[in-house]
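**Student:** Next up, upload.txt (compact mmCIF, C-alpha atoms and all ligand atoms).
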```txt
# COMPACT_ATOMS: atom_id res chain seq x y z
CA MET E 14 -17.23 7.61 4.97
CA PHE E 15 -16.55 5.18 7.74
CA GLN E 16 -12.84 5.12 6.86
CA LEU E 17 -12.65 8.88 7.43
CA PHE E 18 -14.95 8.92 10.39
CA LEU E 19 -13.06 6.30 12.33
CA PRO E 20 -9.67 8.07 12.55
CA LEU E 21 -11.34 11.40 13.43
CA ASN E 22 -13.45 9.79 16.04
CA PHE E 23 -10.44 7.91 17.32
CA LEU E 24 -8.40 11.13 17.60
CA GLY E 25 -11.23 12.74 19.53
CA PHE E 26 -11.30 9.78 21.83
CA VAL E 27 -7.54 9.85 22.35
CA TYR E 28 -7.64 13.59 23.08
CA ARG E 29 -10.36 13.20 25.69
CA GLU E 30 -8.56 10.22 27.23
CA LEU E 31 -5.31 12.18 27.40
CA LYS E 32 -7.00 15.16 28.99
CA ALA E 33 -8.68 12.93 31.50
CA SER E 34 -5.45 11.35 32.61
CA MET E 35 -2.78 14.02 32.67
CA ALA E 36 -1.32 12.51 35.83
CA ASN E 37 -0.76 9.26 34.00
CA ILE E 38 0.74 11.03 31.01
CA GLU E 39 3.45 12.48 33.22
CA ARG E 40 4.23 8.98 34.42
CA MET E 41 4.27 7.75 30.86
CA PHE E 42 6.83 10.38 29.85
CA GLU E 43 8.96 9.44 32.84
CA LEU E 44 8.88 5.88 31.62
CA LEU E 45 9.72 6.85 28.07
CA ASP E 46 12.63 8.91 29.36
CA GLU E 47 13.86 5.98 31.36
CA GLN E 48 13.78 3.65 28.42
CA SER E 49 14.36 4.73 24.87
CA ALA E 50 11.08 4.52 22.97
CA VAL E 51 10.63 1.55 20.67
CA LYS E 52 11.73 2.46 17.16
CA ASP E 53 9.65 1.41 14.18
CA GLU E 54 12.54 0.93 11.80
CA GLY E 55 12.04 -2.65 10.61
CA THR E 56 11.71 -3.07 6.86
CA ALA E 57 11.93 -6.86 6.41
CA ALA E 58 9.23 -8.62 4.42
CA PHE E 59 7.16 -10.80 6.76
CA ASN E 60 7.09 -14.42 5.78
CA LEU E 61 4.26 -15.46 8.10
CA LYS E 62 3.69 -19.21 8.05
CA GLY E 63 2.15 -20.97 11.03
CA GLY E 64 2.83 -18.16 13.52
CA GLU E 65 5.29 -19.89 15.86
CA VAL E 66 6.24 -17.48 18.66
CA THR E 67 9.63 -17.72 20.37
CA PHE E 68 11.01 -15.77 23.31
CA ARG E 69 14.76 -16.50 23.33
CA GLN E 70 16.75 -15.61 26.43
CA VAL E 71 14.60 -12.52 26.95
CA SER E 72 15.41 -10.19 29.85
CA PHE E 73 13.33 -7.12 30.59
CA SER E 74 12.68 -4.62 33.38
CA TYR E 75 10.46 -1.55 33.61
CA ARG E 76 12.71 -0.09 36.30
CA ASP E 77 16.39 -0.57 37.12
CA ASP E 78 15.68 -2.05 40.51
CA TYR E 79 13.35 -4.85 39.43
CA GLN E 80 13.99 -7.48 36.76
CA VAL E 81 10.63 -8.75 35.42
CA LEU E 82 11.93 -11.26 32.84
CA ASP E 83 15.26 -12.98 33.35
CA GLN E 84 16.65 -14.83 30.31
CA LEU E 85 13.23 -16.28 29.67
CA ASP E 86 12.88 -19.00 27.04
CA LEU E 87 9.41 -19.82 25.73
CA THR E 88 8.06 -21.19 22.47
CA ILE E 89 4.44 -21.38 21.40
CA PRO E 90 4.34 -23.89 18.54
CA ALA E 91 2.45 -22.79 15.42
CA GLY E 92 -1.27 -23.40 15.74
CA LYS E 93 -1.09 -24.53 19.37
CA THR E 94 -2.57 -23.05 22.54
CA LEU E 95 -0.26 -22.25 25.42
CA ALA E 96 -1.58 -21.00 28.73
CA VAL E 97 0.71 -19.01 31.01
CA VAL E 98 -0.07 -18.99 34.71
CA GLY E 99 1.76 -17.69 37.76
CA GLY E 100 1.44 -15.36 40.70
CA SER E 101 0.28 -11.76 40.40
CA GLY E 102 3.14 -9.62 39.07
CA ALA E 103 5.07 -12.62 37.70
CA GLY E 104 5.35 -10.89 34.32
CA LYS E 105 2.65 -12.70 32.31
CA SER E 106 1.12 -9.57 30.73
CA THR E 107 4.62 -8.28 30.04
CA LEU E 108 5.02 -11.10 27.51
CA THR E 109 2.12 -9.69 25.47
CA ARG E 110 3.42 -6.10 25.70
CA LEU E 111 6.81 -7.22 24.37
CA LEU E 112 5.20 -9.22 21.57
CA PHE E 113 3.29 -6.11 20.46
CA ARG E 114 6.53 -4.12 20.81
CA PHE E 115 5.23 -1.59 23.29
CA TYR E 116 8.67 -2.22 24.77
CA ASP E 117 11.80 -3.95 23.53
CA PRO E 118 13.68 -6.49 25.65
CA ALA E 119 16.94 -5.42 27.30
CA ALA E 120 18.51 -8.68 26.10
CA GLY E 121 17.48 -11.64 24.01
CA GLU E 122 15.05 -11.65 21.12
CA ILE E 123 11.46 -12.41 20.17
CA LEU E 124 10.75 -14.19 16.90
CA ILE E 125 7.70 -15.11 14.86
CA ASP E 126 8.32 -18.01 12.50
CA GLY E 127 12.02 -17.47 13.07
CA GLN E 128 11.96 -13.73 12.18
CA PRO E 129 13.01 -11.23 14.86
CA ILE E 130 10.00 -8.97 15.40
CA ASP E 131 12.11 -5.80 15.63
CA GLN E 132 13.07 -6.27 11.98
CA LEU E 133 9.41 -6.02 10.89
CA PRO E 134 7.42 -2.83 10.30
CA GLN E 135 5.20 -2.45 13.37
CA ALA E 136 1.99 -2.24 11.36
CA VAL E 137 2.80 -5.57 9.72
CA LEU E 138 3.71 -7.18 13.04
CA ARG E 139 0.55 -5.92 14.75
CA ALA E 140 -1.68 -7.02 11.88
CA SER E 141 -0.67 -10.59 12.68
CA LEU E 142 -1.61 -10.22 16.36
CA GLY E 143 -4.95 -9.91 18.11
CA MET E 144 -5.45 -9.22 21.78
CA VAL E 145 -8.26 -9.41 24.29
CA PRO E 146 -6.80 -7.24 27.07
CA GLN E 147 -7.67 -6.98 30.75
CA ASP E 148 -9.28 -3.57 30.19
CA THR E 149 -11.01 -3.11 26.88
CA VAL E 150 -11.04 0.35 25.31
CA LEU E 151 -14.36 1.23 23.68
CA PHE E 152 -14.81 4.22 21.38
CA ASN E 153 -17.71 6.57 21.99
CA ASP E 154 -19.57 5.11 19.05
CA THR E 155 -22.08 2.44 18.14
CA LEU E 156 -21.53 -1.16 19.08
CA LYS E 157 -21.39 -1.94 15.36
CA ASN E 158 -18.59 0.56 14.67
CA ASN E 159 -16.75 -0.60 17.76
CA LEU E 160 -16.74 -4.07 16.26
CA LEU E 161 -15.92 -2.89 12.72
CA TYR E 162 -12.81 -1.27 14.14
CA ALA E 163 -11.31 -4.79 14.07
CA ARG E 164 -12.16 -5.26 10.38
CA PRO E 165 -13.95 -2.41 8.56
CA ASP E 166 -15.03 -4.59 5.62
CA ALA E 167 -16.89 -7.19 7.71
CA SER E 168 -20.40 -7.97 6.44
CA ASP E 169 -23.56 -7.77 8.56
CA GLU E 170 -23.72 -11.57 8.54
CA GLU E 171 -20.20 -11.80 9.93
CA LEU E 172 -21.05 -9.21 12.59
CA GLN E 173 -24.14 -11.17 13.64
CA GLN E 174 -22.09 -14.35 13.80
CA VAL E 175 -19.46 -12.91 16.14
CA ILE E 176 -22.12 -11.19 18.27
CA THR E 177 -23.68 -14.59 18.84
CA MET E 178 -20.37 -16.37 19.39
CA ALA E 179 -19.29 -13.77 21.96
CA HIS E 180 -22.66 -14.03 23.77
CA LEU E 181 -23.63 -10.43 23.00
CA ASP E 182 -27.10 -11.29 21.66
CA SER E 183 -28.88 -10.51 24.91
CA LEU E 184 -27.20 -7.09 25.14
CA VAL E 185 -28.26 -6.25 21.58
CA GLN E 186 -31.81 -7.52 22.09
CA ARG E 187 -32.28 -5.50 25.29
CA HIS E 188 -31.98 -2.23 23.35
CA THR E 189 -34.29 -0.97 20.65
CA ASP E 190 -31.35 0.41 18.64
CA GLY E 191 -29.85 -3.08 18.49
CA TRP E 192 -26.23 -3.00 17.43
CA HIS E 193 -26.55 0.76 16.73
CA ILE E 194 -26.61 1.50 20.45
CA VAL E 195 -23.88 3.92 21.42
CA VAL E 196 -21.48 2.41 23.93
CA GLY E 197 -18.47 3.81 25.77
CA GLU E 198 -17.80 7.19 27.30
CA ARG E 199 -21.09 9.06 26.67
CA GLY E 200 -23.15 6.06 25.66
CA LEU E 201 -24.30 2.98 27.41
CA LYS E 202 -22.09 2.08 30.33
CA LEU E 203 -21.19 -1.57 30.01
CA SER E 204 -20.07 -4.02 32.65
CA GLY E 205 -16.52 -5.37 32.62
CA GLY E 206 -17.84 -8.68 31.29
CA GLU E 207 -19.75 -7.03 28.45
CA LYS E 208 -16.69 -5.02 27.45
CA GLN E 209 -14.62 -8.20 27.41
CA ARG E 210 -17.18 -9.88 25.21
CA ILE E 211 -16.92 -6.98 22.74
CA ALA E 212 -13.13 -7.45 22.72
CA ILE E 213 -13.64 -11.15 22.09
CA ALA E 214 -16.05 -10.37 19.22
CA ARG E 215 -13.41 -8.02 17.73
CA MET E 216 -10.87 -10.82 17.91
CA LEU E 217 -13.33 -13.25 16.30
CA LEU E 218 -13.80 -10.75 13.47
CA LYS E 219 -10.10 -10.11 12.93
CA ARG E 220 -8.99 -13.75 13.27
CA PRO E 221 -5.29 -12.92 13.34
CA ALA E 222 -2.62 -15.63 13.02
CA ILE E 223 -1.64 -15.13 16.66
CA MET E 224 -4.28 -14.65 19.35
CA LEU E 225 -3.55 -13.33 22.83
CA PHE E 226 -6.07 -13.49 25.65
CA ASP E 227 -5.04 -11.67 28.83
CA GLU E 228 -7.35 -12.72 31.64
CA ALA E 229 -9.96 -12.62 28.93
CA THR E 230 -12.71 -14.10 31.01
CA SER E 231 -11.88 -12.58 34.38
CA SER E 232 -14.97 -10.34 34.55
CA LEU E 233 -17.43 -13.04 33.56
CA ASP E 234 -19.60 -15.25 35.71
CA SER E 235 -18.68 -18.92 35.45
CA HIS E 236 -21.62 -19.88 33.19
CA THR E 237 -20.82 -17.17 30.62
CA GLU E 238 -17.14 -17.92 31.02
CA ARG E 239 -17.67 -21.53 29.97
CA GLY E 240 -19.61 -20.40 26.88
CA ILE E 241 -16.92 -17.90 25.94
CA MET E 242 -14.13 -20.41 26.51
CA ASP E 243 -15.92 -22.76 24.09
CA ALA E 244 -16.07 -19.93 21.53
CA ILE E 245 -12.38 -19.14 22.09
CA ARG E 246 -11.48 -22.81 21.65
CA GLN E 247 -13.45 -22.98 18.41
CA VAL E 248 -12.04 -19.82 16.90
CA SER E 249 -8.45 -20.33 18.05
CA LYS E 250 -8.22 -23.78 16.50
CA GLY E 251 -5.25 -23.72 14.16
CA HIS E 252 -4.19 -20.24 15.40
CA THR E 253 -1.20 -19.79 17.67
CA THR E 254 -2.80 -18.82 20.96
CA LEU E 255 -1.48 -17.47 24.24
CA ILE E 256 -3.89 -17.46 27.15
CA ILE E 257 -2.97 -15.67 30.37
CA ALA E 258 -5.26 -16.74 33.14
CA HIS E 259 -5.80 -16.62 36.84
CA ARG E 260 -8.61 -19.14 37.02
CA LEU E 261 -6.89 -22.43 36.27
CA SER E 262 -10.24 -23.98 35.33
CA THR E 263 -10.03 -21.98 32.09
CA VAL E 264 -6.66 -23.43 31.00
CA VAL E 265 -7.19 -27.12 31.67
CA ASP E 266 -7.77 -27.81 27.96
CA ALA E 267 -4.79 -25.85 26.63
CA ASP E 268 -2.27 -27.91 24.64
CA GLU E 269 0.32 -26.91 27.23
CA ILE E 270 0.56 -24.79 30.35
CA ALA E 271 3.67 -22.85 31.36
CA VAL E 272 4.19 -21.66 34.91
CA MET E 273 6.09 -18.38 35.40
CA ASP E 274 8.10 -17.52 38.45
CA GLY E 275 11.16 -15.36 39.09
CA GLY E 276 11.10 -14.05 35.51
CA ARG E 277 11.37 -17.51 33.95
CA ILE E 278 9.29 -20.49 32.94
CA VAL E 279 9.71 -22.98 35.76
CA GLU E 280 7.32 -25.73 34.62
CA ARG E 281 5.68 -26.68 31.38
CA GLY E 282 3.38 -29.47 30.29
CA SER E 283 -0.23 -30.58 29.98
CA HIS E 284 -2.62 -30.15 32.91
CA VAL E 285 -2.49 -33.87 33.71
CA ARG E 286 1.29 -34.06 33.48
CA LEU E 287 1.82 -30.97 35.62
CA LEU E 288 -0.57 -32.27 38.27
CA SER E 289 1.32 -35.55 38.46
CA GLN E 290 4.62 -33.66 38.89
CA GLN E 291 3.36 -32.30 42.22
CA GLY E 292 5.24 -29.03 41.65
CA ARG E 293 4.22 -25.36 41.40
CA TYR E 294 1.25 -25.94 39.13
CA ALA E 295 -0.14 -28.70 41.33
CA ALA E 296 0.17 -26.40 44.34
CA LEU E 297 -1.63 -23.53 42.52
CA TRP E 298 -4.36 -25.95 41.40
CA GLN E 299 -4.92 -27.32 44.89
CA ALA E 300 -5.01 -23.82 46.37
CA GLN E 301 -7.69 -22.75 43.85
CA GLN E 302 -9.75 -25.90 44.38
CA HIS E 303 -9.65 -25.26 48.09
CA GLN E 304 -10.68 -21.62 47.59
CA HIS E 305 -13.62 -22.58 45.34
CA GLN E 306 -14.86 -25.17 47.79
CA HIS E 307 -14.73 -22.55 50.51
CA GLN E 308 -16.68 -20.04 48.34
CA HIS E 309 -19.20 -22.75 47.50
CA GLN E 310 -19.83 -23.48 51.14
CA GLN E 311 -20.46 -19.79 51.77
CA GLN E 312 -22.59 -19.24 48.63
CA PRO E 313 -24.09 -22.61 47.69
CA ASP E 314 -25.99 -21.11 44.69
CA SER E 315 -23.09 -19.28 43.09
CA GLY E 316 -22.34 -22.09 40.61
CA ASP E 317 -18.69 -21.03 40.42
CA VAL E 318 -16.15 -23.68 39.54
P1 LIG E 401 -1.19 -9.96 37.10
O1 LIG E 401 -1.47 -11.42 37.10
O2 LIG E 401 -1.41 -9.33 38.44
O3 LIG E 401 -1.88 -9.22 35.98
P2 LIG E 401 1.32 -10.20 35.64
O4 LIG E 401 2.00 -11.50 35.90
O5 LIG E 401 0.58 -10.07 34.36
O6 LIG E 401 0.41 -9.80 36.87
P3 LIG E 401 2.83 -7.89 34.73
O7 LIG E 401 1.68 -6.98 34.48
O8 LIG E 401 3.54 -8.47 33.57
O9 LIG E 401 2.47 -9.07 35.75
O10 LIG E 401 3.87 -7.06 35.62
C1 LIG E 401 5.10 -7.60 36.05
C2 LIG E 401 5.73 -6.64 37.05
O11 LIG E 401 6.07 -5.43 36.39
C3 LIG E 401 4.83 -6.27 38.20
O12 LIG E 401 5.62 -6.18 39.37
C4 LIG E 401 4.30 -4.89 37.83
O13 LIG E 401 4.05 -4.12 38.97
C5 LIG E 401 5.44 -4.32 37.03
N1 LIG E 401 4.96 -3.40 35.99
C6 LIG E 401 4.02 -3.67 35.06
N2 LIG E 401 3.86 -2.61 34.24
C7 LIG E 401 4.71 -1.66 34.64
C8 LIG E 401 5.01 -0.35 34.21
N3 LIG E 401 4.41 0.20 33.16
N4 LIG E 401 5.94 0.34 34.91
C9 LIG E 401 6.57 -0.19 35.96
N5 LIG E 401 6.34 -1.44 36.43
C10 LIG E 401 5.42 -2.17 35.79
```
Would you write the structure of this file as structure tokens?
Ligand code: ATP
**Tutor:**
Amino acid sequence: MFQLFLPLNFLGFVYRELKASMANIERMFELLDEQSAVKDEGTAAFNLKGGEVTFRQVSFSYRDDYQVLDQLDLTIPAGKTLAVVGGSGAGKSTLTRLLFRFYDPAAGEILIDGQPIDQLPQAVLRASLGMVPQDTVLFNDTLKNNLLYARPDASDEELQQVITMAHLDSLVQRHTDGWHIVVGERGLKLSGGEKQRIAIARMLLKRPAIMLFDEATSSLDSHTERGIMDAIRQVSKGHTTLIIAHRLSTVVDADEIAVMDGGRIVERGSHVRLLSQQGRYAALWQAQQHQHQHQHQQQPDSGDV
């Protein structure tokens, strides 16, 4: 029943979303005209091992007049966590869009465990990836079904576990319907932080080989953020993980941090090593520390770090 219900409900959702954003659709078609749409023609068998991700000499632009990635080289070793930081518009989120094959690079290639991703069927590629995006899409459905979307066969115990890990217990307990509360469009309007926590719970349920977090904790207060980061650390252990973050306090514990600028990776190393290099990362870190101290002085009770 659920299997049938979900696609129908999803189509309804897509239809309403499309109607609501006709202006954006026009822009989307312009974009698709500009760049040939990504073709799902890969037929190779996927020999997924540890999930090592490699961007090799990747160049990409959305428009002719602005190169976003310029012969970028980047490897995320299997099972390790790499954080990518850099200024707004540096192209960090673009890395995740290329990995999902929403676009193909103009030059270079992207590989998982040595296999070019454009040789894989898209469904197979995407089954190995999980993403907590900046803006989470919720279906007009119960919280439970919104979570089951990530893995329809999950048991109630597994659902309860991820609800707790993603700090959604208080949301569930506040409502008499519990996890049957309807969220999204015509249901309960959730805050940005609550929506992100649902996306994190979906990821926890799916546990894909490769986990991508795009500003995953940007809408959370610092106390909740710390709790969620702990959960992310726990669940991403042994999974190849890419974290895109603005708040550097959230990436301190990553195995490595890569700094993006001018369409390339300009620095890479651990937090301690990058600080001692006194380069771009150190400058970003000092600027954020300064900003937080300033905020603290203005709002001594905020507790932000
Ligand atoms: P932020 O930290 O602000 O989220 P980012 O480093 O993730 O930024 P991207 O979202 O990867 O940056 O965008 C890189 C550049 O490409 C930006 O200049 C952005 O304006 C541009 N861009 C992103 N998406 C599109 C699109 N669909 N069409 C045209 N330009 C785009």
**Student:** Which protein, DNA or RNA residues have an atom within 7 Å of ligand LIG 401 (chain E), counting all atoms listed in the file, as a VMD selection string?
**Tutor:** chain E and resid 75 to 76 81 99 to 108 259
**Student:** Between E:Ala222, E:Gln291, E:Asp83, E:Met273, which residue has the minimum interatomic distance to E:His252, considering all atoms listed in the file?
**Tutor:**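 Closest candidate: E:Ala222.
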**Student:** I'd like the interatomic distance between atom CA of E:Met216 and atom CA of E:Gly143, to a tenth of an Å.
**Tutor:**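 Taking atom CA of E:Met216 and atom CA of E:Gly143, their separation equals 6.0 Å.
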**Student:** Which protein, DNA or RNA residues have an atom at most 12 Å from (-22.7, -0.1, 27.7), counting all atoms listed in the file? List them as a count of residues only.
**Tutor:** 33
**Student:** Out of E:Ile125, E:Leu95, E:Asp169, E:Leu85, which residue has the shortest atom-to-atom distance to E:Val264 when counting all atoms listed in the file?
**Tutor:**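 Looking at the shortest contact to E:Val264, the residue is E:Leu95.
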**Student:** What's around E:Leu133 at 10 Å? Count only C-alpha atoms, leave out sequence neighbours fewer than 6 positions away in its own chain, and write the answer as an mmCIF file with C-alpha atoms, in the frame of the given file.
**Tutor:**
```
data_model
loop_
_atom_site.group_PDB
_atom_site.id
_atom_site.type_symbol
_atom_site.label_atom_id
_atom_site.label_comp_id
_atom_site.auth_asym_id
_atom_site.auth_seq_id
_atom_site.Cartn_x
_atom_site.Cartn_y
_atom_site.Cartn_z
ATOM 1 C CA ASP E 53 9.650 1.410 14.180
ATOM 2 C CA GLU E 54 12.540 0.930 11.800
ATOM 3 C CA GLY E 55 12.040 -2.650 10.610
ATOM 4 C CA THR E 56 11.710 -3.070 6.860
ATOM 5 C CA ALA E 57 11.930 -6.860 6.410
ATOM 6 C CA ALA E 58 9.230 -8.620 4.420
ATOM 7 C CA PHE E 59 7.160 -10.800 6.760
ATOM 8 C CA ARG E 139 0.550 -5.920 14.750
#
```
**Student:** From (12.8, -15.6, 23.2), in the file's coordinates, out to 6 Å: which residues are reached, counting only C-alpha atoms? Answer as a short mmCIF file (atom, residue, chain, number, x, y, z; two decimals) with C-alpha atoms, in the frame of the given file.
**Tutor:**
```cif
data_model
loop_
_atom_site.label_atom_id
_atom_site.label_comp_id
_atom_site.auth_asym_id
_atom_site.auth_seq_id
_atom_site.Cartn_x
_atom_site.Cartn_y
_atom_site.Cartn_z
CA THR E 67 9.63 -17.72 20.37
CA PHE E 68 11.01 -15.77 23.31
CA ARG E 69 14.76 -16.50 23.33
CA GLN E 70 16.75 -15.61 26.43
CA VAL E 71 14.60 -12.52 26.95
CA ASP E 86 12.88 -19.00 27.04
CA LEU E 87 9.41 -19.82 25.73
CA GLU E 122 15.05 -11.65 21.12
CA ILE E 123 11.46 -12.41 20.17
#
```
**Student:** Pick the closest to E:Gly64 from E:Gly282, E:Gly251, E:Pro118, E:Pro146: which is it, counting only C-alpha atoms?
**Tutor:**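 When distances to E:Gly64 are compared using only C-alpha atoms, the smallest one comes from E:Gly251.
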**Student:** If I take atom CA of E:Ile213 and atom CA of E:Phe115, how far is one from the other in Å, to one decimal?
**Tutor:**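 Atom CA of E:Phe115 lies at a distance of 21.2 Å from atom CA of E:Ile213.
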**Student:** Calculate how many Å separate atom CA of E:Glu171 from atom CA of E:Ile257, rounding to one decimal.
**Tutor:**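 Atom-to-atom, atom CA of E:Glu171 to atom CA of E:Ile257, that is 27.0 Å.
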**Student:** Counting all atoms listed in the file, what is within 9 Å of stretch 239-241 of chain E, bar same-chain residues fewer than 4 positions away, as a PyMOL selection string?
**Tutor:** chain E and resi 178-180+210+213+230+234-235+245-246+263
**Student:** Considering all atoms listed in the file, state which residue in the set E:Leu172, E:Leu217, E:Val145, E:Ala140 is at the smallest distance from E:Asn158.
**Tutor:**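 Smallest distance to E:Asn158 is found for E:Leu172.
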**Student:** Which of these, E:Leu124, E:Ser183, E:Ala214, E:Asp243, has the shortest distance to E:Ala163 once you count all atoms listed in the file?
**Tutor:** E:Ala214
**Student:** Return the single residue from E:Glu238, E:Leu225, E:Asp190, E:Tyr162 that is closest to E:Arg110, with distances computed using all atoms listed in the file.
**Tutor:**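 Closest candidate: E:Leu225.
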**Student:** Determine, counting only C-alpha atoms, which protein, DNA and RNA residues have an atom within 12 Å of an atom of E:Arg286; residues of the same chain fewer than 2 positions away are not included. Present the result as a list in words.
**Tutor:**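 Near E:Arg286, the qualifying residues are Val265, Asp268, Glu269, Ile270, Ala271, Glu280, Arg281, Gly282, Ser283, His284, Leu288, Ser289, Gln290, Gln291, Gly292, Tyr294 and Ala295 of chain E.
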**Student:** Would you mind completing stretch 146-165 of chain E to N, CA and C atoms and writing the output as a short mmCIF file (atom, residue, chain, number, x, y, z; two decimals), in the coordinates of the input?
**Tutor:**
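The file below, result_28.cif, is the result:
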```cif
data_model
loop_
_atom_site.label_atom_id
_atom_site.label_comp_id
_atom_site.auth_asym_id
_atom_site.auth_seq_id
_atom_site.Cartn_x
_atom_site.Cartn_y
_atom_site.Cartn_z
N PRO E 146 -7.56 -7.69 25.89
CA PRO E 146 -6.80 -7.24 27.07
C PRO E 146 -7.62 -7.31 28.36
N GLN E 147 -6.95 -7.01 29.46
CA GLN E 147 -7.67 -6.98 30.75
C GLN E 147 -8.71 -5.87 30.77
N ASP E 148 -8.33 -4.70 30.24
CA ASP E 148 -9.28 -3.57 30.19
C ASP E 148 -9.50 -3.19 28.75
N THR E 149 -10.71 -3.38 28.28
CA THR E 149 -11.01 -3.11 26.88
C THR E 149 -11.34 -1.64 26.67
N VAL E 150 -10.74 -1.05 25.65
CA VAL E 150 -11.04 0.35 25.31
C VAL E 150 -12.18 0.37 24.29
N LEU E 151 -13.25 1.08 24.63
CA LEU E 151 -14.36 1.23 23.68
C LEU E 151 -14.39 2.67 23.20
N PHE E 152 -14.66 2.87 21.91
CA PHE E 152 -14.81 4.22 21.38
C PHE E 152 -16.23 4.68 21.65
N ASN E 153 -16.39 6.01 21.77
CA ASN E 153 -17.71 6.57 21.99
C ASN E 153 -18.47 6.51 20.67
N ASP E 154 -19.01 5.36 20.38
CA ASP E 154 -19.57 5.11 19.05
C ASP E 154 -20.53 3.93 19.18
N THR E 155 -21.13 3.55 18.06
CA THR E 155 -22.08 2.44 18.14
C THR E 155 -21.34 1.13 18.38
N LEU E 156 -22.10 0.17 18.87
CA LEU E 156 -21.53 -1.16 19.08
C LEU E 156 -21.00 -1.69 17.74
N LYS E 157 -21.78 -1.46 16.69
CA LYS E 157 -21.39 -1.94 15.36
C LYS E 157 -20.03 -1.35 14.94
N ASN E 158 -19.87 -0.04 15.07
CA ASN E 158 -18.59 0.56 14.67
C ASN E 158 -17.45 0.14 15.58
N ASN E 159 -17.78 -0.10 16.86
CA ASN E 159 -16.75 -0.60 17.76
C ASN E 159 -16.25 -1.97 17.32
N LEU E 160 -17.15 -2.75 16.75
CA LEU E 160 -16.74 -4.07 16.26
C LEU E 160 -16.01 -3.94 14.92
N LEU E 161 -16.52 -3.05 14.05
CA LEU E 161 -15.92 -2.89 12.72
C LEU E 161 -14.49 -2.36 12.79
N TYR E 162 -14.16 -1.76 13.93
CA TYR E 162 -12.81 -1.27 14.14
C TYR E 162 -11.80 -2.41 13.90
N ALA E 163 -12.21 -3.64 14.24
CA ALA E 163 -11.31 -4.79 14.07
C ALA E 163 -11.16 -5.16 12.59
N ARG E 164 -12.24 -4.94 11.82
CA ARG E 164 -12.16 -5.26 10.38
C ARG E 164 -13.27 -4.50 9.65
N PRO E 165 -12.93 -3.31 9.13
CA PRO E 165 -13.95 -2.41 8.56
C PRO E 165 -14.78 -3.03 7.43
#
```
